[in-house]
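Engineer: For reference, this is data_28.cif, and it has mmCIF, C-alpha atoms.
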```cif
data_data
loop_
_atom_site.group_PDB
_atom_site.id
_atom_site.type_symbol
_atom_site.label_atom_id
_atom_site.label_comp_id
_atom_site.auth_asym_id
_atom_site.auth_seq_id
_atom_site.Cartn_x
_atom_site.Cartn_y
_atom_site.Cartn_z
ATOM 1 C CA MET T 808 -11.071 -28.209 0.267
ATOM 2 C CA ALA T 809 -12.428 -26.362 3.296
ATOM 3 C CA THR T 810 -13.854 -28.231 6.263
ATOM 4 C CA TYR T 811 -16.420 -26.310 8.274
ATOM 5 C CA ILE T 812 -15.973 -27.719 11.768
ATOM 6 C CA HIS T 813 -19.372 -26.583 13.079
ATOM 7 C CA GLY T 814 -21.380 -28.223 10.317
ATOM 8 C CA HIS T 815 -24.668 -26.743 9.098
ATOM 9 C CA SER T 816 -27.158 -28.062 11.617
ATOM 10 C CA PRO T 817 -30.281 -25.973 12.381
ATOM 11 C CA SER T 818 -28.689 -24.717 15.619
ATOM 12 C CA VAL T 819 -25.576 -23.480 13.765
ATOM 13 C CA LEU T 820 -27.580 -21.783 11.001
ATOM 14 C CA LYS T 821 -29.836 -20.230 13.640
ATOM 15 C CA ALA T 822 -26.821 -18.748 15.411
ATOM 16 C CA HIS T 823 -25.321 -17.440 12.167
ATOM 17 C CA ALA T 824 -28.659 -15.922 11.189
ATOM 18 C CA THR T 825 -28.242 -13.388 13.992
ATOM 19 C CA ARG T 826 -25.378 -11.797 12.056
ATOM 20 C CA THR T 827 -26.003 -8.417 10.434
ATOM 21 C CA ALA T 828 -24.006 -6.125 8.179
ATOM 22 C CA ALA T 829 -24.361 -3.281 10.685
ATOM 23 C CA ARG T 830 -22.683 -5.333 13.417
ATOM 24 C CA ASP T 831 -20.438 -7.729 11.514
ATOM 25 C CA ALA T 832 -19.421 -5.761 8.408
ATOM 26 C CA ALA T 833 -19.459 -2.202 9.751
ATOM 27 C CA TYR T 834 -15.890 -1.682 8.538
ATOM 28 C CA LEU T 835 -17.028 -2.272 4.936
ATOM 29 C CA LEU T 836 -20.265 -0.267 4.791
ATOM 30 C CA PRO T 837 -18.777 3.191 4.036
ATOM 31 C CA HIS T 838 -17.184 1.767 0.867
ATOM 32 C CA ILE T 839 -20.419 0.485 -0.713
ATOM 33 C CA CYS T 840 -22.183 2.381 -3.519
ATOM 34 C CA PRO T 841 -25.776 1.686 -4.701
ATOM 35 C CA THR T 842 -24.571 0.421 -8.109
ATOM 36 C CA HIS T 843 -21.930 -1.981 -6.844
ATOM 37 C CA SER T 844 -21.650 -5.644 -7.709
ATOM 38 C CA ILE T 845 -20.780 -7.658 -4.573
ATOM 39 C CA LEU T 846 -19.605 -11.248 -4.109
ATOM 40 C CA ASP T 847 -20.228 -12.699 -0.634
ATOM 41 C CA VAL T 848 -17.923 -15.709 -0.226
ATOM 42 C CA GLY T 849 -19.148 -18.234 2.342
ATOM 43 C CA CYS T 850 -22.531 -16.535 2.680
ATOM 44 C CA GLY T 851 -24.017 -19.015 5.181
ATOM 45 C CA PRO T 852 -27.698 -18.290 5.877
ATOM 46 C CA GLY T 853 -27.384 -14.981 4.052
ATOM 47 C CA THR T 854 -28.347 -12.431 6.679
ATOM 48 C CA ILE T 855 -25.240 -10.290 6.136
ATOM 49 C CA SER T 856 -25.605 -10.877 2.387
ATOM 50 C CA ALA T 857 -29.208 -9.649 2.386
ATOM 51 C CA ASP T 858 -28.247 -6.508 4.291
ATOM 52 C CA LEU T 859 -25.505 -5.816 1.746
ATOM 53 C CA ALA T 860 -27.886 -6.453 -1.164
ATOM 54 C CA GLN T 861 -30.241 -3.798 0.182
ATOM 55 C CA LEU T 862 -27.378 -1.299 0.020
ATOM 56 C CA VAL T 863 -26.911 -1.894 -3.735
ATOM 57 C CA PRO T 864 -30.469 -1.428 -5.124
ATOM 58 C CA GLN T 865 -29.080 -0.614 -8.599
ATOM 59 C CA GLY T 866 -26.404 -3.304 -8.287
ATOM 60 C CA HIS T 867 -26.263 -7.029 -7.623
ATOM 61 C CA LEU T 868 -25.124 -9.410 -4.906
ATOM 62 C CA THR T 869 -23.862 -12.945 -5.521
ATOM 63 C CA CYS T 870 -24.021 -15.442 -2.652
ATOM 64 C CA LEU T 871 -21.457 -18.235 -2.836
ATOM 65 C CA ASP T 872 -21.125 -21.188 -0.461
ATOM 66 C CA LEU T 873 -19.854 -24.762 -0.488
ATOM 67 C CA SER T 874 -22.886 -26.041 1.406
ATOM 68 C CA PRO T 875 -26.208 -26.626 -0.394
ATOM 69 C CA THR T 876 -27.887 -26.398 3.022
ATOM 70 C CA ALA T 877 -26.415 -22.961 3.648
ATOM 71 C CA LEU T 878 -27.334 -21.750 0.147
ATOM 72 C CA ALA T 879 -30.917 -22.936 0.581
ATOM 73 C CA SER T 880 -31.071 -21.068 3.879
ATOM 74 C CA ALA T 881 -29.706 -17.924 2.188
ATOM 75 C CA GLN T 882 -32.302 -18.166 -0.570
ATOM 76 C CA GLN T 883 -35.010 -18.443 2.069
ATOM 77 C CA THR T 884 -33.628 -15.351 3.835
ATOM 78 C CA PHE T 885 -33.782 -13.319 0.628
ATOM 79 C CA SER T 886 -37.230 -14.620 -0.249
ATOM 80 C CA THR T 887 -38.627 -13.825 3.193
ATOM 81 C CA ARG T 888 -37.232 -10.308 3.027
ATOM 82 C CA GLY T 889 -38.399 -9.749 -0.552
ATOM 83 C CA ILE T 890 -34.924 -9.016 -1.915
ATOM 84 C CA SER T 891 -34.496 -9.932 -5.576
ATOM 85 C CA ASN T 892 -31.168 -8.435 -6.737
ATOM 86 C CA ALA T 893 -29.183 -11.568 -5.916
ATOM 87 C CA SER T 894 -27.987 -14.887 -7.291
ATOM 88 C CA PHE T 895 -26.890 -18.044 -5.471
ATOM 89 C CA ILE T 896 -23.997 -20.213 -6.585
ATOM 90 C CA ALA T 897 -22.374 -23.304 -5.078
ATOM 91 C CA GLY T 898 -18.618 -22.989 -5.275
ATOM 92 C CA ASP T 899 -15.229 -23.561 -3.693
ATOM 93 C CA VAL T 900 -12.997 -20.490 -3.529
ATOM 94 C CA ILE T 901 -9.855 -22.651 -3.270
ATOM 95 C CA ALA T 902 -10.731 -24.777 -6.313
ATOM 96 C CA GLY T 903 -11.448 -21.586 -8.268
ATOM 97 C CA LEU T 904 -14.250 -19.050 -8.435
ATOM 98 C CA PRO T 905 -16.582 -19.485 -11.434
ATOM 99 C CA PHE T 906 -16.265 -15.854 -12.542
ATOM 100 C CA PRO T 907 -14.089 -13.979 -15.056
ATOM 101 C CA ASP T 908 -11.319 -11.647 -13.956
ATOM 102 C CA GLU T 909 -12.422 -8.239 -12.637
ATOM 103 C CA THR T 910 -16.107 -9.039 -12.181
ATOM 104 C CA PHE T 911 -16.954 -7.479 -8.799
ATOM 105 C CA ASP T 912 -16.617 -4.102 -7.114
ATOM 106 C CA ILE T 913 -16.493 -5.748 -3.679
ATOM 107 C CA VAL T 914 -15.597 -9.234 -2.479
ATOM 108 C CA HIS T 915 -16.612 -9.939 1.122
ATOM 109 C CA ALA T 916 -15.671 -12.937 3.280
ATOM 110 C CA HIS T 917 -16.843 -13.152 6.894
ATOM 111 C CA MET T 918 -15.206 -15.869 9.051
ATOM 112 C CA VAL T 919 -14.205 -17.817 5.936
ATOM 113 C CA LEU T 920 -10.402 -17.784 5.705
ATOM 114 C CA ILE T 921 -10.113 -19.159 9.245
ATOM 115 C CA HIS T 922 -11.627 -22.410 7.951
ATOM 116 C CA LEU T 923 -9.513 -22.765 4.803
ATOM 117 C CA PRO T 924 -6.374 -24.931 4.618
ATOM 118 C CA ASP T 925 -5.029 -22.671 1.849
ATOM 119 C CA PRO T 926 -6.164 -19.091 2.546
ATOM 120 C CA ILE T 927 -3.521 -17.659 0.213
ATOM 121 C CA THR T 928 -4.964 -19.427 -2.831
ATOM 122 C CA ALA T 929 -8.421 -18.246 -1.751
ATOM 123 C CA LEU T 930 -7.241 -14.651 -1.431
ATOM 124 C CA ARG T 931 -5.596 -14.803 -4.853
ATOM 125 C CA GLU T 932 -8.900 -15.942 -6.338
ATOM 126 C CA MET T 933 -10.827 -13.201 -4.557
ATOM 127 C CA ARG T 934 -8.324 -10.600 -5.741
ATOM 128 C CA ARG T 935 -8.536 -11.967 -9.301
ATOM 129 C CA VAL T 936 -12.286 -11.386 -9.573
ATOM 130 C CA LEU T 937 -12.050 -7.863 -8.131
ATOM 131 C CA LYS T 938 -12.283 -4.958 -10.547
ATOM 132 C CA LYS T 939 -9.473 -2.418 -10.507
ATOM 133 C CA GLY T 940 -10.322 -0.025 -7.710
ATOM 134 C CA GLY T 941 -12.432 -2.716 -6.051
ATOM 135 C CA VAL T 942 -12.309 -3.629 -2.367
ATOM 136 C CA LEU T 943 -11.643 -6.975 -0.695
ATOM 137 C CA ALA T 944 -13.126 -7.147 2.818
ATOM 138 C CA CYS T 945 -12.227 -10.002 5.162
ATOM 139 C CA LYS T 946 -12.923 -10.546 8.848
ATOM 140 C CA ASP T 947 -11.714 -13.502 10.909
ATOM 141 C CA MET T 948 -11.570 -14.505 14.550
ATOM 142 C CA ILE T 949 -8.425 -14.780 16.656
ATOM 143 C CA VAL T 950 -9.463 -17.816 18.682
ATOM 144 C CA SER T 951 -6.803 -17.414 21.372
ATOM 145 C CA THR T 952 -8.377 -14.106 22.499
ATOM 146 C CA MET T 953 -11.591 -15.668 23.875
ATOM 147 C CA VAL T 954 -12.446 -14.449 27.385
ATOM 148 C CA TRP T 955 -15.337 -15.678 29.546
ATOM 149 C CA TYR T 956 -16.212 -13.924 32.797
ATOM 150 C CA PRO T 957 -16.762 -15.182 35.424
ATOM 151 C CA ALA T 958 -14.004 -17.675 34.722
ATOM 152 C CA ASP T 959 -14.791 -21.374 34.878
ATOM 153 C CA PRO T 960 -12.043 -23.837 33.846
ATOM 154 C CA ARG T 961 -14.666 -25.953 32.085
ATOM 155 C CA LEU T 962 -15.356 -23.106 29.641
ATOM 156 C CA ARG T 963 -11.811 -23.219 28.268
ATOM 157 C CA LEU T 964 -12.741 -26.357 26.366
ATOM 158 C CA PHE T 965 -14.495 -24.207 23.766
ATOM 159 C CA GLU T 966 -11.303 -22.337 22.854
ATOM 160 C CA VAL T 967 -9.181 -25.495 22.988
ATOM 161 C CA GLY T 968 -11.707 -27.459 20.959
ATOM 162 C CA ILE T 969 -12.252 -24.786 18.310
ATOM 163 C CA ALA T 970 -8.531 -24.100 17.900
ATOM 164 C CA GLY T 971 -7.666 -27.789 17.813
ATOM 165 C CA THR T 972 -10.299 -28.845 15.302
ATOM 166 C CA ILE T 973 -9.556 -25.913 12.994
ATOM 167 C CA ALA T 974 -5.824 -26.635 13.080
ATOM 168 C CA GLU T 975 -6.511 -30.324 12.480
ATOM 169 C CA THR T 976 -8.100 -29.443 9.126
ATOM 170 C CA GLY T 977 -4.964 -27.527 8.097
ATOM 171 C CA ALA T 978 -6.504 -24.104 8.697
ATOM 172 C CA ASP T 979 -5.282 -21.365 11.065
ATOM 173 C CA PRO T 980 -7.368 -20.636 14.204
ATOM 174 C CA GLN T 981 -5.518 -17.325 14.632
ATOM 175 C CA MET T 982 -6.231 -16.211 11.037
ATOM 176 C CA GLY T 983 -7.587 -12.842 12.115
ATOM 177 C CA GLY T 984 -4.117 -11.735 13.148
ATOM 178 C CA ARG T 985 -2.624 -12.908 9.869
ATOM 179 C CA LEU T 986 -4.932 -11.079 7.463
ATOM 180 C CA LYS T 987 -2.660 -8.126 6.729
ATOM 181 C CA GLY T 988 0.328 -10.351 6.009
ATOM 182 C CA ALA T 989 -1.785 -12.624 3.840
ATOM 183 C CA ALA T 990 -3.041 -9.659 1.784
ATOM 184 C CA LEU T 991 0.518 -8.521 1.179
ATOM 185 C CA GLU T 992 1.453 -12.071 0.156
ATOM 186 C CA VAL T 993 -1.126 -12.032 -2.648
ATOM 187 C CA GLU T 994 0.333 -8.832 -4.082
ATOM 188 C CA PHE T 995 -1.738 -6.103 -2.518
ATOM 189 C CA GLU T 996 0.628 -3.214 -1.797
ATOM 190 C CA GLN T 997 1.175 -1.907 1.738
ATOM 191 C CA GLU T 998 -0.666 1.337 0.955
ATOM 192 C CA GLU T 999 -3.627 -0.601 -0.447
ATOM 193 C CA VAL T 1000 -4.294 -2.507 2.780
ATOM 194 C CA GLU T 1001 -6.115 -1.102 5.795
ATOM 195 C CA ALA T 1002 -5.878 -3.495 8.744
ATOM 196 C CA ARG T 1003 -7.841 -3.140 11.947
ATOM 197 C CA ALA T 1004 -9.550 -5.113 14.686
ATOM 198 C CA SER T 1005 -12.969 -5.301 16.302
ATOM 199 C CA CYS T 1006 -14.378 -7.251 19.213
ATOM 200 C CA TRP T 1007 -17.340 -9.536 19.623
ATOM 201 C CA ALA T 1008 -18.815 -8.925 23.039
ATOM 202 C CA PHE T 1009 -21.874 -10.431 24.705
ATOM 203 C CA ALA T 1010 -22.768 -8.562 27.868
ATOM 204 C CA ASP T 1011 -26.476 -7.694 27.925
ATOM 205 C CA ARG T 1012 -28.996 -10.301 29.058
ATOM 206 C CA GLU T 1013 -30.189 -11.199 25.543
ATOM 207 C CA GLY T 1014 -26.663 -11.522 24.164
ATOM 208 C CA VAL T 1015 -25.372 -13.592 27.078
ATOM 209 C CA GLU T 1016 -28.303 -15.996 26.923
ATOM 210 C CA PHE T 1017 -27.904 -16.347 23.151
ATOM 211 C CA TRP T 1018 -24.161 -17.036 23.317
ATOM 212 C CA GLY T 1019 -24.297 -19.441 26.238
ATOM 213 C CA GLU T 1020 -27.104 -21.498 24.719
ATOM 214 C CA SER T 1021 -25.629 -21.401 21.216
ATOM 215 C CA CYS T 1022 -22.266 -22.724 22.413
ATOM 216 C CA ALA T 1023 -23.966 -25.406 24.494
ATOM 217 C CA GLU T 1024 -26.071 -26.576 21.541
ATOM 218 C CA ARG T 1025 -23.010 -26.848 19.298
ATOM 219 C CA LEU T 1026 -21.375 -29.312 21.685
ATOM 220 C CA GLU T 1027 -24.388 -31.368 22.741
ATOM 221 C CA GLU T 1028 -24.659 -35.093 22.085
ATOM 222 C CA GLY T 1029 -24.750 -35.825 18.359
ATOM 223 C CA SER T 1030 -23.335 -32.501 17.155
ATOM 224 C CA GLU T 1031 -20.623 -32.451 14.500
ATOM 225 C CA LEU T 1032 -18.278 -30.241 16.507
ATOM 226 C CA ARG T 1033 -18.587 -32.442 19.607
ATOM 227 C CA GLY T 1034 -17.595 -35.458 17.543
ATOM 228 C CA ARG T 1035 -14.569 -33.672 16.119
ATOM 229 C CA ILE T 1036 -13.400 -32.516 19.553
ATOM 230 C CA VAL T 1037 -13.644 -35.966 21.111
ATOM 231 C CA LYS T 1038 -12.244 -37.840 18.121
ATOM 232 C CA GLY T 1039 -9.358 -35.369 17.836
ATOM 233 C CA GLY T 1040 -8.449 -35.777 21.501
ATOM 234 C CA PHE T 1041 -9.094 -32.128 22.381
ATOM 235 C CA GLY T 1042 -11.514 -33.105 25.132
ATOM 236 C CA THR T 1043 -13.204 -36.198 26.511
ATOM 237 C CA ALA T 1044 -16.947 -36.756 26.277
ATOM 238 C CA GLU T 1045 -17.149 -35.976 30.000
ATOM 239 C CA GLU T 1046 -15.221 -32.713 29.542
ATOM 240 C CA VAL T 1047 -17.514 -31.699 26.680
ATOM 241 C CA ASP T 1048 -20.533 -32.420 28.884
ATOM 242 C CA GLY T 1049 -18.902 -30.266 31.551
ATOM 243 C CA PHE T 1050 -18.583 -27.420 29.081
ATOM 244 C CA VAL T 1051 -22.248 -27.701 28.049
ATOM 245 C CA GLU T 1052 -23.309 -27.485 31.687
ATOM 246 C CA ALA T 1053 -20.913 -24.606 32.420
ATOM 247 C CA SER T 1054 -22.001 -22.644 29.341
ATOM 248 C CA ARG T 1055 -25.659 -22.788 30.344
ATOM 249 C CA ARG T 1056 -24.784 -21.935 33.941
ATOM 250 C CA TRP T 1057 -22.728 -18.951 32.711
ATOM 251 C CA ALA T 1058 -25.648 -17.767 30.574
ATOM 252 C CA GLY T 1059 -27.748 -17.350 33.722
ATOM 253 C CA MET T 1060 -25.244 -15.145 35.571
ATOM 254 C CA GLU T 1061 -26.014 -11.449 35.922
ATOM 255 C CA GLU T 1062 -22.323 -10.533 35.639
ATOM 256 C CA ALA T 1063 -21.613 -12.744 32.603
ATOM 257 C CA TRP T 1064 -19.444 -11.278 29.825
ATOM 258 C CA PHE T 1065 -17.768 -12.789 26.749
ATOM 259 C CA GLY T 1066 -15.340 -11.145 24.360
ATOM 260 C CA CYS T 1067 -13.183 -12.189 21.409
ATOM 261 C CA MET T 1068 -11.007 -10.145 19.046
ATOM 262 C CA ASN T 1069 -11.438 -10.268 15.265
ATOM 263 C CA GLY T 1070 -8.980 -9.086 12.639
ATOM 264 C CA GLU T 1071 -10.306 -7.109 9.656
ATOM 265 C CA ILE T 1072 -8.804 -5.928 6.376
ATOM 266 C CA LEU T 1073 -9.919 -3.712 3.555
ATOM 267 C CA ALA T 1074 -7.649 -4.167 0.542
ATOM 268 C CA ARG T 1075 -8.135 -2.038 -2.560
ATOM 269 C CA LYS T 1076 -6.942 -3.372 -5.912
ATOM 270 C CA SER T 1077 -5.006 -0.808 -7.927
#
```
Could I get this structure in the form of structure tokens?
Structural biologist:
Amino acid sequence: MATYIHGHSPSVLKAHATRTAARDAAYLLPHICPTHSILDVGCGPGTISADLAQLVPQGHLTCLDLSPTALASAQQTFSTRGISNASFIAGDVIAGLPFPDETFDIVHAHMVLIHLPDPITALREMRRVLKKGGVLACKDMIVSTMVWYPADPRLRLFEVGIAGTIAETGADPQMGGRLKGAALEVEFEQEEVEARASCWAFADREGVEFWGESCAERLEEGSELRGRIVKGGFGTAEEVDGFVEASRRWAGMEEAWFGCMNGEILARKS
């Protein structure tokens, strides 16, 4: 079973709610038709999901997540935006998706495989429910590529803590670099897989302030991720406090910049 290291606190859901299909699923958008049926695995608060649903007005989008809190947030997103061509299902992609073979035209998973101890089983399930000719779209971070500028040694705790806590659950913090190989392992052919990369970057004032504050909130006293980092020995309470201070200080710098590489795949089922 997957363990989501960040938890689903209001601060985490708030951060994830800034995600959009235009920014975070741009690689998939040209492959969507208005009549498509889409499964969004690990939908979170549903902001990407809602954008995708609006692109299939004659189709349907299914939101799936392990967390009842996340699903409730996704339902609220759809309700607020007046989008009705969707359904919401609690499910575990590793335990087995509750759908027949060849149900969906597109299966999308954003930052999901990086949190799964058995991404291969998950990919097999996602491939199973794809129609012939359908597209699997996955995007995952490569944690080791995080760069903060200006450099502050206290900021490195975020990378060390994220990588350590993900690995501790049995998942792979560098999953973004493994996506192509994983797709081939679940019997997509070489010619069926398009692998690429994109970069998260926060450089303008709004983006820098958002990222610095979001990271600080995730590691403040009482947060789930903070507890995992300290308990796992990836940083002391004092070091985590140092990161929180450094992250907020960084967010106020005019020259602040953050970047991180993500791997992406589009795999078409023949």
Engineer: Work out how far CA of Ala824 (chain T) is from CA of Ala944 (chain T), in Å to one decimal.
Structural biologist: 19.7 Å
Engineer: Please expand the PyMOL selection byres ((chain T and resi 936) around 7) into the concrete residues it hits in this file, giving the result as a PyMOL selection string.
Structural biologist: chain T and resi 906-911+932-935+937-938
Engineer: Evaluate the PyMOL selection byres ((chain T and resi 845-855) around 6) on the structure here and hand back the selected residues as a ChimeraX atom specification.
Structural biologist: /T:824,827-828,844,856-858,868-872,877,880-881,911,913-916
Engineer: If you apply the PyMOL selection byres ((chain T and resi 954-970) around 6) to this file, what residues do you get, as number ranges by chain?
Structural biologist: T: 953, 971-973, 980, 1036, 1041, 1050, 1063-1066
Engineer: Counting all atoms listed in the file, which of T:Gly1042, T:Gly983, T:Gly941, T:Gly1049 gets nearest to Cys1067 (chain T)?
Structural biologist: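 Distance minimum relative to Cys1067 (chain T) lands on T:Gly983.
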Engineer: Between CA of Leu862 (chain T) and CA of His838 (chain T), what is the distance, to one decimal in Å?
Structural biologist: 10.7 Å
